[in-house]
file start.csv (CSV, C-alpha atoms)
chain,number,residue,atom,x,y,z
K,1,MET,CA,103.3,106.8,53.2
K,2,LEU,CA,106.0,107.3,55.9
K,3,ARG,CA,104.8,106.7,59.5
K,4,ILE,CA,106.9,107.6,62.5
K,5,PHE,CA,106.5,105.6,65.7
K,6,ASN,CA,108.0,106.4,69.0
K,7,LEU,CA,109.0,103.0,70.2
K,8,LYS,CA,110.5,104.3,73.4
K,9,ALA,CA,107.2,105.9,74.5
K,10,VAL,CA,105.8,104.7,77.8
K,11,SER,CA,102.1,104.3,78.4
K,12,GLN,CA,100.2,106.0,81.2
K,13,ASN,CA,99.8,102.8,83.1
K,14,GLU,CA,103.6,102.1,82.9
K,15,ARG,CA,104.4,105.6,84.1
K,16,PHE,CA,102.0,105.3,87.0
K,17,PHE,CA,103.4,101.9,87.9
K,18,LYS,CA,106.9,103.3,87.8
K,19,ALA,CA,105.9,106.3,89.9
K,20,PHE,CA,104.2,104.0,92.4
K,21,LEU,CA,107.3,101.8,92.8
K,22,ILE,CA,109.8,104.6,93.1
K,23,GLY,CA,107.4,106.6,95.2
K,24,LEU,CA,106.8,103.6,97.5
K,25,LEU,CA,110.6,103.1,97.8
K,26,SER,CA,111.1,106.8,98.6
K,27,ALA,CA,108.3,106.7,101.2
K,28,ILE,CA,109.8,103.7,103.0
K,29,VAL,CA,113.3,105.3,103.0
K,30,LEU,CA,111.9,108.6,104.2
K,31,ALA,CA,109.8,107.0,106.9
K,32,ILE,CA,112.7,105.0,108.2
K,33,THR,CA,115.0,108.0,108.1
K,34,TYR,CA,112.5,110.3,109.8
K,35,GLY,CA,111.7,107.7,112.5
K,36,PHE,CA,115.4,107.0,113.1
K,37,ILE,CA,116.3,110.7,113.4
K,38,THR,CA,113.4,111.5,115.6
K,39,ARG,CA,114.1,108.5,117.9
K,40,LEU,CA,117.7,109.3,118.0
K,41,ILE,CA,117.4,113.0,119.0
K,42,GLY,CA,114.2,112.6,121.0
K,43,ILE,CA,112.6,115.7,119.5
K,44,GLN,CA,109.7,115.8,117.0
K,45,ILE,CA,110.5,118.2,114.2
K,46,SER,CA,107.2,119.0,112.4
K,47,LEU,CA,108.9,120.7,109.5
K,48,LEU,CA,110.3,117.3,108.4
K,49,TYR,CA,106.7,116.3,107.5
K,50,ILE,CA,106.7,119.0,104.8
K,51,ILE,CA,110.1,117.9,103.6
K,52,ILE,CA,108.7,114.3,103.4
K,53,GLY,CA,105.7,115.5,101.4
K,54,TYR,CA,108.0,117.5,99.0
K,55,LEU,CA,110.4,114.7,98.4
K,56,ILE,CA,107.6,112.2,97.7
K,57,ALA,CA,105.9,114.6,95.4
K,58,TYR,CA,109.1,115.3,93.6
K,59,THR,CA,109.9,111.7,92.9
K,60,ILE,CA,106.4,110.9,91.7
K,61,LYS,CA,106.5,114.0,89.4
K,62,LYS,CA,110.0,113.3,88.1
K,63,PHE,CA,109.6,109.6,87.4
K,64,GLY,CA,105.9,109.4,86.7
K,65,LYS,CA,105.5,112.5,84.5
K,66,GLY,CA,101.8,112.2,84.8
K,67,VAL,CA,99.0,114.7,84.4
K,68,GLN,CA,96.1,112.6,85.8
K,69,ILE,CA,94.6,113.1,89.2
K,70,LYS,CA,95.7,109.6,90.2
K,71,PHE,CA,99.3,110.8,90.6
K,72,SER,CA,98.1,113.4,93.1
K,73,TYR,CA,96.2,110.7,95.1
K,74,LEU,CA,99.3,108.5,95.0
K,75,GLY,CA,101.5,111.3,96.4
K,76,ALA,CA,99.0,112.1,99.2
K,77,ILE,CA,98.6,108.4,100.2
K,78,LEU,CA,102.3,107.7,100.2
K,79,THR,CA,103.0,110.8,102.2
K,80,PHE,CA,100.3,109.8,104.8
K,81,PHE,CA,101.8,106.3,105.2
K,82,ALA,CA,105.4,107.7,105.3
K,83,ILE,CA,104.4,110.1,108.1
K,84,LEU,CA,102.4,107.4,109.9
K,85,PHE,CA,105.2,104.7,109.7
K,86,GLY,CA,107.8,107.4,110.6
K,87,ASP,CA,105.9,108.3,113.7
K,88,ILE,CA,105.5,104.6,114.6
K,89,ILE,CA,109.2,104.0,114.3
K,90,ALA,CA,110.0,107.2,116.2
K,91,ILE,CA,107.9,106.2,119.2
K,92,PHE,CA,107.9,102.4,119.3
K,93,GLY,CA,111.0,101.5,117.3
K,94,PHE,CA,111.4,98.9,114.6
K,95,ILE,CA,110.3,96.0,116.9
K,96,VAL,CA,106.7,96.9,116.3
K,97,PHE,CA,106.8,95.5,112.8
K,98,ILE,CA,107.5,92.0,113.9
K,99,ASP,CA,104.1,91.2,115.5
K,100,PHE,CA,100.9,92.2,113.7
K,101,GLU,CA,98.8,92.8,116.9
K,102,VAL,CA,101.4,95.1,118.3
K,103,PHE,CA,101.6,96.9,115.0
K,104,VAL,CA,97.8,97.4,114.9
K,105,SER,CA,97.7,98.7,118.5
K,106,ALA,CA,100.7,101.0,117.8
K,107,THR,CA,99.0,102.4,114.7
K,108,ILE,CA,95.8,103.1,116.7
K,109,THR,CA,97.8,104.7,119.4
K,110,ILE,CA,99.6,107.0,116.9
K,111,LEU,CA,96.3,107.9,115.2
K,112,ARG,CA,94.8,108.8,118.6
K,113,TYR,CA,97.9,110.8,119.4
K,114,TRP,CA,97.4,112.8,116.2
K,115,LEU,CA,93.9,113.7,117.3
K,116,LEU,CA,94.7,115.0,120.8
K,117,THR,CA,93.3,118.4,121.5
K,118,GLU,CA,96.5,119.9,123.0
K,119,ILE,CA,97.9,122.9,121.1
K,120,GLY,CA,101.2,121.1,120.3
K,121,SER,CA,99.3,118.1,118.9
K,122,LEU,CA,97.0,120.3,116.8
K,123,LEU,CA,99.9,122.2,115.3
K,124,SER,CA,101.7,119.0,114.5
K,125,LEU,CA,98.5,117.7,112.9
K,126,LEU,CA,98.3,120.9,110.8
K,127,PHE,CA,101.9,120.2,109.6
K,128,ARG,CA,101.0,116.7,108.7
K,129,LEU,CA,97.9,117.8,106.8
K,130,PHE,CA,99.8,120.5,105.0
K,131,ALA,CA,102.5,117.9,104.0
K,132,ILE,CA,99.8,115.6,102.6
K,133,TYR,CA,98.1,118.5,100.8
K,134,PHE,CA,101.5,119.7,99.4
K,135,ALA,CA,102.2,116.2,98.1
K,136,PHE,CA,98.7,116.0,96.6
K,137,SER,CA,99.1,119.3,94.8
K,138,ASN,CA,102.6,118.8,93.5
K,139,SER,CA,102.7,115.1,92.5
K,140,ARG,CA,101.6,115.7,88.9
K,141,ILE,CA,102.4,118.0,86.1
K,142,VAL,CA,99.8,120.7,85.8
call {"tool": "encode", "arguments": {"input": "start.csv", "output": "structure tokens"}}
result
Amino acid sequence: MLRIFNLKAVSQNERFFKAFLIGLLSAIVLAITYGFITRLIGIQISLLYIIIGYLIAYTIKKFGKGVQIKFSYLGAILTFFAILFGDIIAIFGFIVFIDFEVFVSATITILRYWLLTEIGSLLSLLFRLFAIYFAFSNSRIV
């Protein structure tokens, strides 16, 4: 009897690991790019959050080709951290990553800033949440 094996097939765990590595790399690049651009021009552009979420979801979907819910969670988590680190770079610069205590206090400051009750902060929070939701819903093949 003739059996056909696909020797180039990649397992689900290998696809998830590949999606994790490439998604992490894209999240780091996007966070640095967003933080640098925002720090350079001095204006926060909330639409960039959605672009970050889209690009992370696109890379996870393209390289992971997964259908499991874990790909969606990966997209949402990586988008959250890309936005968080992008905001840290935009406000405090790259120097914050040298000292752990300064990094923790900067992170707490950014998270408090996200939860301010001013209308601009609430709208910016809605853009961040939409970007995370967008990455969650578009990171896997449905």
call {"tool": "closest_residue", "arguments": {"input": "start.csv", "among": "K:Phe134, K:Ser46, K:Arg140, K:Ile32", "to": "Leu122 of chain K", "atoms": "all atoms listed in the file"}}
result
K:Ser46
call {"tool": "atom_distance", "arguments": {"input": "start.csv", "atom1": "atom CA of Ile88 of chain K", "atom2": "atom CA of Gly64 of chain K"}}
result
28.3 Å
call {"tool": "residues_around", "arguments": {"input": "start.csv", "residues": "Phe20 of chain K", "least_positions_apart": "4", "cutoff": "8 Å", "atoms": "all atoms listed in the file", "output": "PDB file with C-alpha atoms, keeping the file's coordinate frame"}}
result
ATOM      1  CA  PHE K  16     102.000 105.300  87.000  1.00  0.00           C
ATOM      2  CA  LEU K  24     106.800 103.600  97.500  1.00  0.00           C
ATOM      3  CA  ILE K  60     106.400 110.900  91.700  1.00  0.00           C
ATOM      4  CA  LEU K  74      99.300 108.500  95.000  1.00  0.00           C
TER       5      LEU K  74
END
call {"tool": "atom_distance", "arguments": {"input": "start.csv", "atom1": "atom CA of Trp114 of chain K", "atom2": "atom CA of Phe127 of chain K"}}
result
10.9 Å
call {"tool": "atom_distance", "arguments": {"input": "start.csv", "atom1": "atom CA of Thr107 of chain K", "atom2": "atom CA of Phe85 of chain K"}}
result
8.3 Å
call {"tool": "closest_residue", "arguments": {"input": "start.csv", "among": "K:Phe130, K:Ala19, K:Val102, K:Asn13", "to": "Lys65 of chain K", "atoms": "only C-alpha atoms"}}
result
K:Ala19
call {"tool": "closest_residue", "arguments": {"input": "start.csv", "among": "K:Lys62, K:Ser121, K:Ile89, K:Val104", "to": "Thr33 of chain K", "atoms": "all atoms listed in the file"}}
result
K:Ile89
call {"tool": "closest_residue", "arguments": {"input": "start.csv", "among": "K:Lys18, K:Phe97, K:Leu129, K:Tyr49", "to": "Phe71 of chain K", "atoms": "only C-alpha atoms"}}
result
K:Lys18
call {"tool": "residues_around", "arguments": {"input": "start.csv", "residues": "segment 26-29 of chain K", "least_positions_apart": "6", "cutoff": "12 Å", "atoms": "only C-alpha atoms", "output": "PyMOL selection string"}}
result
chain K and resi 19-20+35-36+49+51-60+63+74-86+89+135
call {"tool": "closest_residue", "arguments": {"input": "start.csv", "among": "K:Gly66, K:Gly93, K:Gly120, K:Gly42", "to": "Phe17 of chain K", "atoms": "all atoms listed in the file"}}
result
K:Gly66
call {"tool": "closest_residue", "arguments": {"input": "start.csv", "among": "K:Ile37, K:Ala106, K:Glu101, K:Val142", "to": "Val67 of chain K", "atoms": "only C-alpha atoms"}}
result
K:Val142
call {"tool": "residues_around", "arguments": {"input": "start.csv", "residues": "Gln44 of chain K", "least_positions_apart": "5", "cutoff": "9 Å", "atoms": "only C-alpha atoms", "output": "VMD selection string"}}
result
chain K and resid 38 to 39 90 124
call {"tool": "decode", "arguments": {"input": "start.csv", "residues": "segment 68-84 of chain K", "atoms": "all heavy atoms", "output": "PDB file, in the first residue's frame"}}
result
ATOM      1  N   GLN K  68      -6.464  28.139  16.224  1.00  0.00           N
ATOM      2  CA  GLN K  68      -6.776  28.037  17.653  1.00  0.00           C
ATOM      3  C   GLN K  68      -6.905  29.424  18.273  1.00  0.00           C
ATOM      4  O   GLN K  68      -6.357  30.407  17.786  1.00  0.00           O
ATOM      5  CB  GLN K  68      -5.696  27.243  18.412  1.00  0.00           C
ATOM      6  CG  GLN K  68      -5.549  25.823  17.983  1.00  0.00           C
ATOM      7  CD  GLN K  68      -4.564  25.679  16.838  1.00  0.00           C
ATOM      8  OE1 GLN K  68      -3.906  26.621  16.450  1.00  0.00           O
ATOM      9  NE2 GLN K  68      -4.488  24.482  16.294  1.00  0.00           N
ATOM     10  N   ILE K  69      -7.575  29.472  19.402  1.00  0.00           N
ATOM     11  CA  ILE K  69      -7.800  30.721  20.107  1.00  0.00           C
ATOM     12  C   ILE K  69      -6.501  31.284  20.686  1.00  0.00           C
ATOM     13  O   ILE K  69      -6.393  32.494  20.907  1.00  0.00           O
ATOM     14  CB  ILE K  69      -8.876  30.526  21.210  1.00  0.00           C
ATOM     15  CG1 ILE K  69      -9.360  31.865  21.767  1.00  0.00           C
ATOM     16  CG2 ILE K  69      -8.348  29.663  22.342  1.00  0.00           C
ATOM     17  CD1 ILE K  69     -10.266  32.596  20.844  1.00  0.00           C
ATOM     18  N   LYS K  70      -5.491  30.445  20.877  1.00  0.00           N
ATOM     19  CA  LYS K  70      -4.233  30.926  21.447  1.00  0.00           C
ATOM     20  C   LYS K  70      -3.544  31.926  20.526  1.00  0.00           C
ATOM     21  O   LYS K  70      -2.825  32.798  20.996  1.00  0.00           O
ATOM     22  CB  LYS K  70      -3.304  29.770  21.796  1.00  0.00           C
ATOM     23  CG  LYS K  70      -2.846  28.921  20.634  1.00  0.00           C
ATOM     24  CD  LYS K  70      -2.013  27.750  21.126  1.00  0.00           C
ATOM     25  CE  LYS K  70      -1.611  26.826  19.996  1.00  0.00           C
ATOM     26  NZ  LYS K  70      -0.830  25.688  20.494  1.00  0.00           N
ATOM     27  N   PHE K  71      -3.783  31.861  19.228  1.00  0.00           N
ATOM     28  CA  PHE K  71      -3.229  32.851  18.307  1.00  0.00           C
ATOM     29  C   PHE K  71      -3.892  34.215  18.528  1.00  0.00           C
ATOM     30  O   PHE K  71      -3.244  35.251  18.433  1.00  0.00           O
ATOM     31  CB  PHE K  71      -3.396  32.400  16.861  1.00  0.00           C
ATOM     32  CG  PHE K  71      -2.491  31.266  16.484  1.00  0.00           C
ATOM     33  CD1 PHE K  71      -2.911  29.952  16.596  1.00  0.00           C
ATOM     34  CD2 PHE K  71      -1.205  31.507  16.022  1.00  0.00           C
ATOM     35  CE1 PHE K  71      -2.076  28.907  16.262  1.00  0.00           C
ATOM     36  CE2 PHE K  71      -0.360  30.466  15.680  1.00  0.00           C
ATOM     37  CZ  PHE K  71      -0.800  29.156  15.807  1.00  0.00           C
ATOM     38  N   SER K  72      -5.179  34.207  18.837  1.00  0.00           N
ATOM     39  CA  SER K  72      -5.876  35.458  19.144  1.00  0.00           C
ATOM     40  C   SER K  72      -5.355  36.070  20.431  1.00  0.00           C
ATOM     41  O   SER K  72      -5.136  37.284  20.515  1.00  0.00           O
ATOM     42  CB  SER K  72      -7.381  35.213  19.256  1.00  0.00           C
ATOM     43  OG  SER K  72      -7.911  34.835  18.012  1.00  0.00           O
ATOM     44  N   TYR K  73      -5.168  35.233  21.449  1.00  0.00           N
ATOM     45  CA  TYR K  73      -4.619  35.745  22.710  1.00  0.00           C
ATOM     46  C   TYR K  73      -3.210  36.293  22.509  1.00  0.00           C
ATOM     47  O   TYR K  73      -2.859  37.327  23.083  1.00  0.00           O
ATOM     48  CB  TYR K  73      -4.602  34.653  23.780  1.00  0.00           C
ATOM     49  CG  TYR K  73      -5.970  34.292  24.297  1.00  0.00           C
ATOM     50  CD1 TYR K  73      -6.392  32.975  24.340  1.00  0.00           C
ATOM     51  CD2 TYR K  73      -6.847  35.258  24.743  1.00  0.00           C
ATOM     52  CE1 TYR K  73      -7.643  32.632  24.820  1.00  0.00           C
ATOM     53  CE2 TYR K  73      -8.104  34.943  25.218  1.00  0.00           C
ATOM     54  CZ  TYR K  73      -8.494  33.628  25.257  1.00  0.00           C
ATOM     55  OH  TYR K  73      -9.729  33.309  25.718  1.00  0.00           O
ATOM     56  N   LEU K  74      -2.427  35.629  21.701  1.00  0.00           N
ATOM     57  CA  LEU K  74      -1.076  36.100  21.419  1.00  0.00           C
ATOM     58  C   LEU K  74      -1.110  37.469  20.752  1.00  0.00           C
ATOM     59  O   LEU K  74      -0.353  38.371  21.136  1.00  0.00           O
ATOM     60  CB  LEU K  74      -0.342  35.093  20.520  1.00  0.00           C
ATOM     61  CG  LEU K  74       1.073  35.485  20.093  1.00  0.00           C
ATOM     62  CD1 LEU K  74       2.001  35.523  21.296  1.00  0.00           C
ATOM     63  CD2 LEU K  74       1.591  34.500  19.054  1.00  0.00           C
ATOM     64  N   GLY K  75      -1.988  37.655  19.794  1.00  0.00           N
ATOM     65  CA  GLY K  75      -2.111  38.950  19.127  1.00  0.00           C
ATOM     66  C   GLY K  75      -2.521  40.058  20.079  1.00  0.00           C
ATOM     67  O   GLY K  75      -1.974  41.165  20.040  1.00  0.00           O
ATOM     68  N   ALA K  76      -3.472  39.762  20.956  1.00  0.00           N
ATOM     69  CA  ALA K  76      -3.933  40.775  21.910  1.00  0.00           C
ATOM     70  C   ALA K  76      -2.844  41.127  22.917  1.00  0.00           C
ATOM     71  O   ALA K  76      -2.616  42.304  23.216  1.00  0.00           O
ATOM     72  CB  ALA K  76      -5.183  40.271  22.632  1.00  0.00           C
ATOM     73  N   ILE K  77      -2.147  40.133  23.425  1.00  0.00           N
ATOM     74  CA  ILE K  77      -1.095  40.388  24.423  1.00  0.00           C
ATOM     75  C   ILE K  77       0.066  41.152  23.805  1.00  0.00           C
ATOM     76  O   ILE K  77       0.575  42.111  24.403  1.00  0.00           O
ATOM     77  CB  ILE K  77      -0.638  39.050  25.048  1.00  0.00           C
ATOM     78  CG1 ILE K  77      -1.748  38.479  25.927  1.00  0.00           C
ATOM     79  CG2 ILE K  77       0.641  39.228  25.850  1.00  0.00           C
ATOM     80  CD1 ILE K  77      -1.516  37.051  26.369  1.00  0.00           C
ATOM     81  N   LEU K  78       0.491  40.753  22.619  1.00  0.00           N
ATOM     82  CA  LEU K  78       1.594  41.460  21.973  1.00  0.00           C
ATOM     83  C   LEU K  78       1.211  42.888  21.609  1.00  0.00           C
ATOM     84  O   LEU K  78       2.034  43.804  21.714  1.00  0.00           O
ATOM     85  CB  LEU K  78       2.067  40.699  20.737  1.00  0.00           C
ATOM     86  CG  LEU K  78       2.810  39.391  21.001  1.00  0.00           C
ATOM     87  CD1 LEU K  78       3.186  38.720  19.687  1.00  0.00           C
ATOM     88  CD2 LEU K  78       4.050  39.624  21.839  1.00  0.00           C
ATOM     89  N   THR K  79      -0.028  43.104  21.214  1.00  0.00           N
ATOM     90  CA  THR K  79      -0.482  44.468  20.922  1.00  0.00           C
ATOM     91  C   THR K  79      -0.498  45.315  22.187  1.00  0.00           C
ATOM     92  O   THR K  79      -0.076  46.474  22.171  1.00  0.00           O
ATOM     93  CB  THR K  79      -1.877  44.435  20.275  1.00  0.00           C
ATOM     94  OG1 THR K  79      -1.805  43.671  19.074  1.00  0.00           O
ATOM     95  CG2 THR K  79      -2.369  45.830  19.954  1.00  0.00           C
ATOM     96  N   PHE K  80      -0.969  44.748  23.289  1.00  0.00           N
ATOM     97  CA  PHE K  80      -0.973  45.483  24.558  1.00  0.00           C
ATOM     98  C   PHE K  80       0.439  45.910  24.938  1.00  0.00           C
ATOM     99  O   PHE K  80       0.680  47.077  25.285  1.00  0.00           O
ATOM    100  CB  PHE K  80      -1.581  44.611  25.674  1.00  0.00           C
ATOM    101  CG  PHE K  80      -1.434  45.209  27.036  1.00  0.00           C
ATOM    102  CD1 PHE K  80      -2.248  46.243  27.447  1.00  0.00           C
ATOM    103  CD2 PHE K  80      -0.461  44.740  27.909  1.00  0.00           C
ATOM    104  CE1 PHE K  80      -2.101  46.805  28.705  1.00  0.00           C
ATOM    105  CE2 PHE K  80      -0.311  45.288  29.173  1.00  0.00           C
ATOM    106  CZ  PHE K  80      -1.138  46.328  29.574  1.00  0.00           C
ATOM    107  N   PHE K  81       1.389  44.973  24.866  1.00  0.00           N
ATOM    108  CA  PHE K  81       2.749  45.315  25.259  1.00  0.00           C
ATOM    109  C   PHE K  81       3.415  46.263  24.262  1.00  0.00           C
ATOM    110  O   PHE K  81       4.218  47.117  24.660  1.00  0.00           O
ATOM    111  CB  PHE K  81       3.587  44.055  25.474  1.00  0.00           C
ATOM    112  CG  PHE K  81       3.294  43.388  26.778  1.00  0.00           C
ATOM    113  CD1 PHE K  81       2.683  42.145  26.812  1.00  0.00           C
ATOM    114  CD2 PHE K  81       3.605  44.000  27.975  1.00  0.00           C
ATOM    115  CE1 PHE K  81       2.396  41.531  28.015  1.00  0.00           C
ATOM    116  CE2 PHE K  81       3.329  43.397  29.187  1.00  0.00           C
ATOM    117  CZ  PHE K  81       2.718  42.157  29.213  1.00  0.00           C
ATOM    118  N   ALA K  82       3.102  46.162  22.980  1.00  0.00           N
ATOM    119  CA  ALA K  82       3.657  47.100  22.000  1.00  0.00           C
ATOM    120  C   ALA K  82       3.156  48.514  22.273  1.00  0.00           C
ATOM    121  O   ALA K  82       3.933  49.479  22.225  1.00  0.00           O
ATOM    122  CB  ALA K  82       3.287  46.657  20.583  1.00  0.00           C
ATOM    123  N   ILE K  83       1.880  48.644  22.585  1.00  0.00           N
ATOM    124  CA  ILE K  83       1.331  49.964  22.898  1.00  0.00           C
ATOM    125  C   ILE K  83       1.915  50.492  24.204  1.00  0.00           C
ATOM    126  O   ILE K  83       2.292  51.666  24.297  1.00  0.00           O
ATOM    127  CB  ILE K  83      -0.209  49.898  22.937  1.00  0.00           C
ATOM    128  CG1 ILE K  83      -0.767  49.650  21.535  1.00  0.00           C
ATOM    129  CG2 ILE K  83      -0.798  51.172  23.529  1.00  0.00           C
ATOM    130  CD1 ILE K  83      -2.245  49.348  21.505  1.00  0.00           C
ATOM    131  N   LEU K  84       2.012  49.631  25.207  1.00  0.00           N
ATOM    132  CA  LEU K  84       2.557  50.050  26.499  1.00  0.00           C
ATOM    133  C   LEU K  84       4.002  50.510  26.367  1.00  0.00           C
ATOM    134  O   LEU K  84       4.364  51.608  26.812  1.00  0.00           O
ATOM    135  CB  LEU K  84       2.458  48.905  27.513  1.00  0.00           C
ATOM    136  CG  LEU K  84       3.048  49.172  28.899  1.00  0.00           C
ATOM    137  CD1 LEU K  84       2.254  50.250  29.608  1.00  0.00           C
ATOM    138  CD2 LEU K  84       3.076  47.897  29.712  1.00  0.00           C
TER     139      LEU K  84
END
